[in-house]
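File shown: protein.cif (mmCIF, C-alpha atoms).
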```cif
data_final
loop_
_atom_site.label_atom_id
_atom_site.label_comp_id
_atom_site.auth_asym_id
_atom_site.auth_seq_id
_atom_site.Cartn_x
_atom_site.Cartn_y
_atom_site.Cartn_z
CA MET A 1 65.01 106.99 84.29
CA LYS A 2 67.09 104.39 86.13
CA VAL A 3 70.83 104.75 86.50
CA GLN A 4 72.44 101.32 86.38
CA GLY A 5 75.27 102.26 88.70
CA PRO A 6 77.65 99.71 90.21
CA TRP A 7 76.38 100.70 93.66
CA LEU A 8 73.20 98.75 92.91
CA ASP A 9 75.20 95.56 93.46
CA ASP A 10 77.59 96.93 96.07
CA PRO A 11 76.49 95.76 99.54
CA ASP A 12 78.85 98.16 101.30
CA ALA A 13 77.53 101.25 99.49
CA GLN A 14 73.97 100.03 99.97
CA ALA A 15 74.64 99.57 103.69
CA VAL A 16 75.73 103.21 104.05
CA CYS A 17 72.61 104.42 102.25
CA ALA A 18 70.37 102.13 104.29
CA VAL A 19 71.69 103.59 107.55
CA LEU A 20 70.47 107.03 106.44
CA GLU A 21 67.28 106.00 104.71
CA ARG A 22 66.01 103.91 107.64
CA ALA A 23 66.22 107.06 109.77
CA GLY A 24 64.18 109.05 107.24
CA TYR A 25 67.03 110.84 105.47
CA ARG A 26 67.98 110.93 101.81
CA ALA A 27 71.11 109.21 100.49
CA LEU A 28 71.94 110.18 96.91
CA PHE A 29 74.90 109.24 94.77
CA VAL A 30 76.14 112.39 93.09
CA GLY A 31 78.62 113.87 90.65
CA GLY A 32 81.23 111.86 88.84
CA CYS A 33 79.89 108.42 89.65
CA VAL A 34 76.46 109.25 88.19
CA ARG A 35 77.92 111.14 85.24
CA ASN A 36 80.30 108.31 84.34
CA VAL A 37 77.63 105.62 84.52
CA LEU A 38 75.45 107.60 82.13
CA LEU A 39 78.43 108.05 79.78
CA GLY A 40 79.44 104.40 79.99
CA VAL A 41 82.73 105.31 81.66
CA ALA A 42 84.27 103.36 84.54
CA VAL A 43 83.42 104.52 88.07
CA SER A 44 86.30 104.56 90.56
CA ASP A 45 84.53 105.75 93.70
CA TYR A 46 81.21 107.03 95.04
CA ASP A 47 80.20 110.36 96.57
CA ILE A 48 77.00 110.35 98.59
CA ALA A 49 74.96 113.47 99.38
CA THR A 50 72.39 113.64 102.16
CA ASP A 51 70.07 116.01 104.00
CA ALA A 52 71.33 114.63 107.33
CA LEU A 53 73.76 116.85 109.25
CA PRO A 54 77.34 115.53 109.65
CA GLU A 55 76.85 114.74 113.33
CA THR A 56 73.66 112.85 112.48
CA VAL A 57 75.47 110.83 109.81
CA THR A 58 78.20 110.07 112.34
CA ASN A 59 75.80 108.97 115.06
CA LEU A 60 73.70 106.80 112.77
CA ALA A 61 76.72 105.14 111.16
CA GLU A 62 78.45 104.42 114.46
CA LYS A 63 75.27 102.94 115.95
CA ALA A 64 75.16 100.64 112.92
CA GLY A 65 78.72 99.48 113.69
CA LEU A 66 80.40 101.48 110.91
CA ARG A 67 83.55 103.52 111.46
CA VAL A 68 83.42 107.25 110.68
CA VAL A 69 86.33 109.60 109.90
CA PRO A 70 85.62 113.38 110.01
CA THR A 71 87.61 114.06 106.83
CA GLY A 72 86.04 117.43 105.96
CA ILE A 73 83.54 118.06 108.66
CA ASP A 74 83.74 121.87 108.39
CA HIS A 75 82.34 121.50 104.90
CA GLY A 76 79.91 118.75 105.82
CA THR A 77 81.89 115.69 104.76
CA VAL A 78 82.53 112.56 106.78
CA THR A 79 83.95 109.29 105.49
CA VAL A 80 81.97 106.21 106.43
CA ILE A 81 83.92 102.95 106.30
CA SER A 82 81.74 100.03 105.23
CA GLY A 83 83.25 96.67 104.37
CA GLY A 84 86.69 98.21 104.63
CA LYS A 85 85.88 100.70 101.87
CA PRO A 86 85.60 104.49 102.33
CA HIS A 87 82.39 106.29 101.33
CA GLU A 88 82.38 110.09 101.44
CA VAL A 89 79.05 111.38 102.72
CA THR A 90 78.40 115.11 102.45
CA THR A 91 75.47 117.12 103.72
CA PHE A 92 73.56 119.20 101.14
CA ARG A 93 75.19 122.64 101.12
CA ARG A 94 74.87 126.14 99.78
CA ASP A 95 77.67 128.69 99.55
CA VAL A 96 77.51 131.62 101.94
CA GLU A 97 80.84 133.25 101.11
CA THR A 98 83.63 132.50 98.62
CA ASP A 99 86.97 134.12 97.79
CA GLY A 100 87.93 132.22 94.65
CA ARG A 101 89.86 129.52 96.53
CA ARG A 102 87.69 128.33 99.43
CA ALA A 103 84.09 128.68 100.52
CA VAL A 104 82.08 129.17 103.69
CA VAL A 105 79.03 126.91 103.45
CA ALA A 106 75.70 126.50 105.18
CA PHE A 107 73.84 123.22 105.31
CA THR A 108 70.48 122.79 103.63
CA THR A 109 67.86 120.10 103.17
CA ASP A 110 67.15 121.13 99.57
CA VAL A 111 68.89 119.08 96.89
CA ALA A 112 68.29 121.86 94.34
CA GLU A 113 70.31 124.28 96.48
CA ASP A 114 73.07 121.71 96.70
CA ALA A 115 73.02 121.32 92.93
CA MET A 116 73.31 125.09 92.41
CA ARG A 117 76.72 125.23 94.13
CA ARG A 118 78.25 122.61 91.83
CA ASP A 119 80.49 123.57 88.93
CA PHE A 120 78.93 122.03 85.81
CA THR A 121 75.43 120.83 85.06
CA MET A 122 76.71 117.35 84.17
CA ASN A 123 78.10 117.11 87.71
CA ALA A 124 74.78 118.12 89.29
CA LEU A 125 73.13 114.75 88.66
CA TYR A 126 71.99 112.54 91.54
CA ALA A 127 70.75 108.97 91.84
CA THR A 128 69.07 107.12 94.67
CA ALA A 129 70.43 103.86 96.06
CA ALA A 130 67.82 102.14 93.87
CA GLY A 131 69.08 103.99 90.77
CA ALA A 132 66.34 106.62 90.25
CA LEU A 133 67.82 109.69 88.53
CA ILE A 134 67.33 113.13 90.09
CA ASP A 135 68.16 116.04 87.78
CA PRO A 136 67.44 119.38 89.48
CA LEU A 137 69.10 121.57 86.82
CA GLY A 138 68.53 119.77 83.54
CA GLY A 139 72.08 118.45 83.45
CA LEU A 140 71.09 115.22 81.72
CA ALA A 141 70.40 117.03 78.45
CA ASP A 142 73.81 118.70 78.59
CA LEU A 143 75.46 115.38 79.37
CA GLN A 144 73.74 113.65 76.48
CA ALA A 145 74.83 116.49 74.19
CA ARG A 146 78.37 116.31 75.61
CA GLN A 147 78.10 120.00 76.47
CA VAL A 148 80.19 121.15 79.43
CA ARG A 149 78.21 124.04 80.85
CA PHE A 150 78.58 125.95 84.10
CA VAL A 151 75.74 125.87 86.58
CA GLY A 152 73.91 129.20 86.46
CA GLU A 153 76.06 132.21 85.57
CA ALA A 154 79.51 131.07 84.48
CA GLU A 155 81.32 134.06 86.00
CA ASP A 156 79.61 133.49 89.36
CA ARG A 157 80.75 129.86 89.44
CA ILE A 158 84.31 130.81 88.50
CA ARG A 159 84.54 133.52 91.16
CA GLU A 160 83.66 130.87 93.73
CA ASP A 161 86.79 128.91 92.77
CA TYR A 162 89.14 129.99 89.99
CA LEU A 163 90.31 126.41 89.52
CA ARG A 164 87.01 125.91 87.70
CA ILE A 165 88.58 127.70 84.73
CA LEU A 166 91.00 124.82 84.27
CA ARG A 167 88.35 122.24 85.14
CA PHE A 168 86.18 123.66 82.35
CA PHE A 169 88.85 122.87 79.75
CA ARG A 170 89.71 119.55 81.36
CA PHE A 171 86.08 118.39 81.36
CA HIS A 172 85.68 119.48 77.75
CA ALA A 173 88.73 117.42 76.84
CA TRP A 174 87.40 114.31 78.58
CA TYR A 175 83.64 114.58 78.14
CA GLY A 176 82.86 117.32 75.64
CA ASP A 177 81.74 117.10 72.03
CA VAL A 178 84.74 118.33 70.06
CA ALA A 179 82.73 118.62 66.85
CA GLY A 180 80.06 120.68 68.64
CA GLY A 181 82.65 123.03 70.06
CA ILE A 182 83.24 124.44 73.50
CA ASP A 183 80.48 126.33 75.34
CA PRO A 184 80.88 129.99 74.25
CA GLU A 185 79.51 131.50 77.46
CA GLY A 186 81.87 129.42 79.56
CA LEU A 187 84.80 130.25 77.30
CA ALA A 188 84.08 133.99 77.50
CA ALA A 189 83.85 133.83 81.29
CA CYS A 190 87.16 131.96 81.53
CA ALA A 191 88.82 134.56 79.32
CA ALA A 192 87.41 137.44 81.35
CA LEU A 193 88.52 135.99 84.69
CA SER A 194 91.78 134.27 83.73
CA ALA A 195 93.79 136.58 85.99
CA GLY A 196 92.23 134.73 88.94
CA ILE A 197 94.45 131.74 88.17
CA GLU A 198 97.28 133.64 89.86
CA THR A 199 95.51 133.24 93.21
CA LEU A 200 95.58 129.45 93.05
CA SER A 201 98.26 127.26 94.60
CA LYS A 202 100.80 125.77 92.23
CA GLU A 203 99.88 122.31 93.46
CA ARG A 204 96.24 122.70 92.41
CA VAL A 205 97.15 124.15 89.02
CA GLY A 206 99.73 121.45 88.36
CA ALA A 207 97.34 118.65 89.32
CA GLU A 208 94.64 120.02 87.03
CA MET A 209 97.01 120.39 84.09
CA ARG A 210 98.21 116.81 84.51
CA LYS A 211 94.60 115.59 84.33
CA LEU A 212 93.86 117.75 81.30
CA LEU A 213 96.93 116.63 79.38
CA ALA A 214 96.20 112.97 80.17
CA ALA A 215 92.91 113.14 78.19
CA PRO A 216 92.78 111.06 75.01
CA ASP A 217 93.02 114.23 72.90
CA PRO A 218 93.47 117.48 74.81
CA ALA A 219 94.55 119.48 71.75
CA PRO A 220 91.15 121.14 70.98
CA SER A 221 90.68 122.14 74.62
CA VAL A 222 94.23 123.49 74.88
CA ALA A 223 93.70 125.43 71.66
CA SER A 224 90.63 127.02 73.24
CA MET A 225 92.70 127.79 76.34
CA ALA A 226 95.22 129.57 74.13
CA ARG A 227 92.53 131.63 72.39
CA ALA A 228 91.07 132.68 75.73
CA GLY A 229 94.42 133.71 77.17
CA VAL A 230 94.23 130.99 79.82
CA LEU A 231 97.19 128.98 78.52
CA ALA A 232 99.43 132.03 78.81
CA ALA A 233 98.25 132.54 82.40
CA VAL A 234 99.20 128.97 83.29
CA LEU A 235 102.27 128.50 81.07
CA PRO A 236 103.74 131.86 80.03
CA GLY A 237 105.38 131.53 76.63
CA ALA A 238 103.65 128.24 75.75
CA ASP A 239 102.85 127.36 72.15
CA ASP A 240 100.20 124.71 71.47
CA ARG A 241 100.87 124.22 67.75
CA ALA A 242 102.80 120.97 68.18
CA LEU A 243 100.26 119.36 70.52
CA ALA A 244 97.83 118.09 67.88
CA PRO A 245 100.66 116.57 65.79
CA LEU A 246 102.00 114.85 68.91
CA VAL A 247 98.59 113.35 69.71
CA HIS A 248 98.43 112.05 66.13
CA LEU A 249 101.92 110.53 66.38
CA GLU A 250 101.08 108.87 69.70
CA ALA A 251 98.42 106.67 68.07
CA GLY A 252 98.60 103.18 69.54
CA ARG A 253 100.65 104.32 72.52
CA GLY A 254 99.12 105.46 75.78
CA PRO A 255 99.09 109.24 76.34
CA ARG A 256 101.86 110.73 78.45
CA TRP A 257 101.17 114.15 79.96
CA GLN A 258 104.93 114.74 80.28
CA ALA A 259 105.46 114.60 76.52
CA ARG A 260 102.45 116.81 75.91
CA LEU A 261 103.66 119.38 78.41
CA ALA A 262 107.09 119.27 76.79
CA VAL A 263 105.74 120.24 73.36
CA LEU A 264 103.79 123.11 74.90
CA GLY A 265 106.98 124.54 76.36
CA GLY A 266 106.69 127.81 78.23
CA ASP A 267 107.52 128.45 81.85
CA TRP A 268 106.57 125.44 83.99
CA ALA A 269 107.38 127.17 87.29
CA GLY A 270 103.70 127.72 88.04
CA LEU A 271 102.95 123.98 88.14
CA ARG A 272 105.07 122.93 91.14
CA LEU A 273 106.69 119.99 89.41
CA SER A 274 108.73 117.48 91.36
CA ARG A 275 112.47 117.43 90.77
CA ALA A 276 112.17 114.22 88.78
CA GLU A 277 109.39 115.66 86.60
CA ALA A 278 111.34 118.87 85.98
CA ARG A 279 114.43 116.84 85.08
CA ASP A 280 112.48 114.69 82.63
CA LEU A 281 110.84 117.70 81.00
CA ALA A 282 114.19 119.45 80.61
CA ALA A 283 115.56 116.30 78.96
CA LEU A 284 112.64 116.20 76.54
CA ARG A 285 113.05 119.87 75.71
CA ASP A 286 116.74 119.30 74.98
CA ALA A 287 115.98 116.23 72.89
CA ALA A 288 113.56 118.23 70.73
CA GLY A 289 116.52 120.20 69.37
CA SER A 290 119.03 117.34 69.15
CA VAL A 291 120.01 115.18 66.19
CA GLU A 292 120.61 112.02 68.20
CA GLY A 293 119.05 108.84 66.86
CA PRO A 294 116.33 106.89 68.67
CA ALA A 295 118.82 104.33 70.01
CA VAL A 296 120.99 107.02 71.59
CA LEU A 297 117.94 108.68 73.09
CA GLY A 298 116.87 105.31 74.50
CA TYR A 299 120.33 104.82 76.01
CA ARG A 300 120.44 108.28 77.54
CA LEU A 301 116.85 108.50 78.75
CA GLY A 302 115.54 104.96 79.10
CA ALA A 303 112.77 103.21 77.18
CA VAL A 304 109.79 105.37 78.22
CA LEU A 305 111.37 108.81 78.19
CA GLY A 306 113.41 107.93 75.12
CA ALA A 307 110.21 107.13 73.22
CA ASP A 308 108.72 110.40 74.48
CA ALA A 309 111.76 112.24 73.15
CA VAL A 310 111.41 110.75 69.66
CA LEU A 311 107.72 111.69 69.55
CA VAL A 312 108.29 115.20 70.92
CA ARG A 313 111.03 115.92 68.39
CA ALA A 314 108.94 114.67 65.47
CA ALA A 315 105.98 116.81 66.57
CA VAL A 316 108.02 119.95 67.16
CA MET A 317 110.06 119.59 63.97
CA GLU A 318 106.99 118.56 61.93
CA GLN A 319 108.75 115.42 60.75
CA PRO A 320 107.59 111.82 60.30
CA LEU A 321 108.71 109.24 62.83
CA PRO A 322 111.84 107.30 61.78
CA ASP A 323 111.31 103.77 60.51
CA GLY A 324 111.66 101.20 63.27
CA TRP A 325 112.05 103.89 65.91
CA GLN A 326 110.44 101.90 68.70
CA ALA A 327 112.79 98.95 68.24
CA GLU A 328 115.72 101.35 68.13
CA VAL A 329 114.69 103.03 71.37
CA ALA A 330 114.39 99.60 72.98
CA ARG A 331 117.84 98.64 71.67
CA GLY A 332 119.35 101.76 73.18
CA ALA A 333 117.57 101.34 76.50
CA ALA A 334 118.98 97.80 76.80
CA ALA A 335 122.50 98.72 75.67
CA VAL A 336 125.49 98.74 78.02
CA PHE A 337 128.62 100.73 77.23
CA PRO A 338 131.12 97.92 76.44
CA VAL A 339 134.22 99.51 77.95
CA ALA A 340 134.94 99.58 81.69
CA ALA A 341 137.68 101.13 83.79
CA ALA A 342 139.33 97.70 84.10
CA ASP A 343 139.92 97.77 80.33
CA LEU A 344 142.27 100.77 80.77
CA PRO A 345 144.70 99.66 83.51
CA GLU A 346 147.34 102.14 82.38
CA LEU A 347 145.13 105.10 83.32
CA ALA A 348 143.85 106.41 86.63
CA GLY A 349 142.05 109.42 88.13
CA PRO A 350 141.00 112.29 85.82
CA ALA A 351 142.84 110.79 82.88
CA LEU A 352 140.81 107.59 83.17
CA GLY A 353 137.54 109.49 83.37
CA LYS A 354 138.44 111.62 80.35
CA ARG A 355 139.33 108.57 78.26
CA LEU A 356 136.13 106.73 79.14
CA LYS A 357 134.10 109.79 78.15
CA GLU A 358 135.95 110.01 74.83
CA LEU A 359 135.29 106.35 74.09
CA GLU A 360 131.63 106.65 75.07
CA ALA A 361 131.25 109.68 72.78
CA ARG A 362 132.69 107.64 69.89
CA TRP A 363 130.33 104.79 70.73
CA LEU A 364 127.31 107.11 70.79
CA ALA A 365 128.36 108.81 67.55
CA ALA A 366 128.46 105.37 65.93
CA ASP A 367 124.90 104.63 67.09
CA LEU A 368 125.98 102.28 69.91
CA ARG A 369 127.27 99.68 67.43
CA PRO A 370 131.05 99.33 68.04
CA GLY A 371 132.09 96.58 70.43
CA ARG A 372 134.80 96.65 73.07
CA ALA A 373 137.54 95.45 70.78
CA GLU A 374 136.76 98.04 68.12
CA LEU A 375 136.68 100.89 70.63
CA LEU A 376 139.99 99.85 72.24
CA GLY A 377 141.75 98.92 69.02
#
```

Same coordinates, now as structure tokens:
Amino acid sequence: MKVQGPWLDDPDAQAVCAVLERAGYRALFVGGCVRNVLLGVAVSDYDIATDALPETVTNLAEKAGLRVVPTGIDHGTVTVISGGKPHEVTTFRRDVETDGRRAVVAFTTDVAEDAMRRDFTMNALYATAAGALIDPLGGLADLQARQVRFVGEAEDRIREDYLRILRFFRFHAWYGDVAGGIDPEGLAACAALSAGIETLSKERVGAEMRKLLAAPDPAPSVASMARAGVLAAVLPGADDRALAPLVHLEAGRGPRWQARLAVLGGDWAGLRLSRAEARDLAALRDAAGSVEGPAVLGYRLGAVLGADAVLVRAAVMEQPLPDGWQAEVARGAAAVFPVAAADLPELAGPALGKRLKELEARWLAADLRPGRAELLG
């Protein structure tokens, strides 16, 4: 089978492979780039695996006039710059020791051993520079069935890196067959080892949850997370019941992980959010319980977050979206409070601030419609 990857027509990627192949080594595209080509999904970058040791890759590339950066040399990865573009080249590896967060690896010349240390069978697919598919573990069948399955024993793979629990649900959301259901062995292993999530850094957990919630429809995967006890481990107190309604209401609008996280609720402390993200999520949570109209929400929160707030509230309250809500949010986002301090020359200091707040409250209560004269009259 030939994989019609974009690297076939990429002279820079081909140049990196040629450097290795001319010296008698293998150069195989691996993982996401191969998986995505076979699924008809866009490829953003290439990972190349080889049986050449990192120092050999470095020497060969530099002799060919290419620049090399030792980005992860302890784990066998160097970045080869060809045509100004980075290409990560990693030596075939096998795990020697793992602690659930990081691994000690040994290099190997066997592509099957390299495949065995990968997380899912659909990520253990390789292709030559000419596009010939190499499938050491039968991952193609799983990919074609849209079945996200751990390589080997699921619990063994998870113990190597507990982030794979979250990756399992994220990959199911993006690439899995929802109708066919989630892999039961993988789900059981994630449930059994969910306590391991506590050992992960907040940054890694937060990044993975953002990717999961950005999927076209993460609701079935998140529901499986909830059943397995994984959602509670990541977001204590979360409730996923409003997520599916939100995804339905979002139709025609690009997904926003912030809105989806807002309807899940729970304690977000374990995600290491930025201050801006935490502020936005708090605003969405408050909006879910407010009675303010779409225009007022647009004025308070801006066009994007205001639209999120309308959607979140409708999903949480199990209500239909108001007629013309998008235009109303846009109206509010563009609105400017019509009264300024210069309109109240008789006031100063705290008295001026108090009066402006009173007038703005009247303006908001009237759905941003009164003009300056009406407010001052």

So what do you get for CA of Glu185 (chain A) versus CA of Ala124 (chain A), distance-wise?
-> 18.5 Å

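You will find CA of Gly266 (chain A) at 13.0 Å from CA of Val230 (chain A).
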
Surrounding residues of Val43 (chain A) excluding itself and chain neighbours under 6 positions, 12 Å, all atoms listed in the file, as number ranges by chain | A: 4-7, 29-37

Which polymer residues have any atom within 9 Å of an atom of Ala192 (chain A), counting all atoms listed in the file, with same-chain residues fewer than 6 positions away left out, as JSON, numbers by chain?
-> {"A": [155, 228, 229]}

Name the residues captured by the PyMOL selection byres ((chain A and resi 305) around 12) when it is applied to the shown file; answer as number ranges by chain.
-> A: 256-259, 262, 276-277, 279-285, 287, 294-304, 306-312, 326, 329-330, 332-333

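What the PyMOL selection byres ((chain A and resi 133) around 10) picks from this file is Met1, Lys2, Val3, Gln4, Leu28, Phe29, Val30, Val34, Leu125, Tyr126, Ala127, Thr128, Ala129, Ala130, Gly131, Ala132, Ile134, Asp135, Pro136 and Leu140 of chain A.
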
Just how far from CA of Cys17 (chain A) is CA of Ile48 (chain A), in Å to one decimal?
-> 8.2 Å

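Between Arg67 (chain A) and the candidates A:Gly152, A:Pro86, A:Gly252, A:Gly265, the tightest atom-to-atom separation, counting only C-alpha atoms, involves A:Pro86.
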
Take the point (100.5, 118.7, 70.3) as written in the file and pick out every residue within 12 Å of it, counting all atoms listed in the file; give the list as number ranges by chain.
-> A: 213, 216-223, 238-250, 255-265, 311-318

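Excluding Trp363 (chain A) itself and any same-chain residue fewer than 3 positions from it, the protein and nucleic acid residues within 12 Å of it, counting all atoms listed in the file, are A:Ala295, A:Val296, A:Tyr299, A:Gly332, A:Ala335, A:Val336, A:Phe337, A:Pro338, A:Val339, A:Leu356, A:Lys357, A:Glu358, A:Leu359, A:Glu360, A:Ala366, A:Asp367, A:Leu368, A:Arg369, A:Pro370, A:Gly371, A:Arg372, A:Ala373, A:Glu374, A:Leu375, A:Leu376.
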
So that I can check the surroundings of Asp177 (chain A), please list as a PDB file with C-alpha atoms, in the frame of the given file every protein, DNA and RNA residue that reaches within 8 Å of it, counting only C-alpha atoms and ignoring chain neighbours fewer than 4 positions away.
```pdb
ATOM      1  CA  ALA A 145      74.830 116.490  74.190  1.00  0.00           C
ATOM      2  CA  ARG A 146      78.370 116.310  75.610  1.00  0.00           C
ATOM      3  CA  GLN A 147      78.100 120.000  76.470  1.00  0.00           C
ATOM      4  CA  HIS A 172      85.680 119.480  77.750  1.00  0.00           C
ATOM      5  CA  GLY A 181      82.650 123.030  70.060  1.00  0.00           C
ATOM      6  CA  ILE A 182      83.240 124.440  73.500  1.00  0.00           C
TER       7      ILE A 182
END
```

Can you translate the PyMOL selection byres ((chain A and resi 167) around 12) into the concrete residues it hits in this file, as a short mmCIF file (atom, residue, chain, number, x, y, z; two decimals) with C-alpha atoms, keeping the file's coordinate frame?
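Output file out.cif follows:
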```cif
data_model
loop_
_atom_site.label_atom_id
_atom_site.label_comp_id
_atom_site.auth_asym_id
_atom_site.auth_seq_id
_atom_site.Cartn_x
_atom_site.Cartn_y
_atom_site.Cartn_z
CA ASP A 119 80.49 123.57 88.93
CA PHE A 120 78.93 122.03 85.81
CA ASN A 123 78.10 117.11 87.71
CA VAL A 148 80.19 121.15 79.43
CA ARG A 149 78.21 124.04 80.85
CA PHE A 150 78.58 125.95 84.10
CA ARG A 157 80.75 129.86 89.44
CA ILE A 158 84.31 130.81 88.50
CA ASP A 161 86.79 128.91 92.77
CA TYR A 162 89.14 129.99 89.99
CA LEU A 163 90.31 126.41 89.52
CA ARG A 164 87.01 125.91 87.70
CA ILE A 165 88.58 127.70 84.73
CA LEU A 166 91.00 124.82 84.27
CA PHE A 168 86.18 123.66 82.35
CA PHE A 169 88.85 122.87 79.75
CA ARG A 170 89.71 119.55 81.36
CA PHE A 171 86.08 118.39 81.36
CA HIS A 172 85.68 119.48 77.75
CA ALA A 173 88.73 117.42 76.84
CA TRP A 174 87.40 114.31 78.58
CA TYR A 175 83.64 114.58 78.14
CA GLY A 186 81.87 129.42 79.56
CA LEU A 187 84.80 130.25 77.30
CA CYS A 190 87.16 131.96 81.53
CA ILE A 197 94.45 131.74 88.17
CA ARG A 204 96.24 122.70 92.41
CA VAL A 205 97.15 124.15 89.02
CA GLY A 206 99.73 121.45 88.36
CA ALA A 207 97.34 118.65 89.32
CA GLU A 208 94.64 120.02 87.03
CA MET A 209 97.01 120.39 84.09
CA ARG A 210 98.21 116.81 84.51
CA LYS A 211 94.60 115.59 84.33
CA LEU A 212 93.86 117.75 81.30
CA LEU A 213 96.93 116.63 79.38
CA SER A 221 90.68 122.14 74.62
CA VAL A 222 94.23 123.49 74.88
CA MET A 225 92.70 127.79 76.34
CA VAL A 230 94.23 130.99 79.82
#
```

Padding of 4 Å on every side, edges along x, y and z, all listed atoms of region 271-287 of chain A included: what centre and edge lengths in Å, to one decimal, does that box have, as lines of an AutoDock Vina configuration file?
```
center_x = 109.8
center_y = 119.1
center_z = 82.1
size_x = 21.8
size_y = 17.8
size_z = 26.5
```

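The smallest atom-to-atom distance between Val57 (chain A) and any of A:Thr71, A:Leu321, A:Val41, A:Val19, using only C-alpha atoms, is found for A:Val19.
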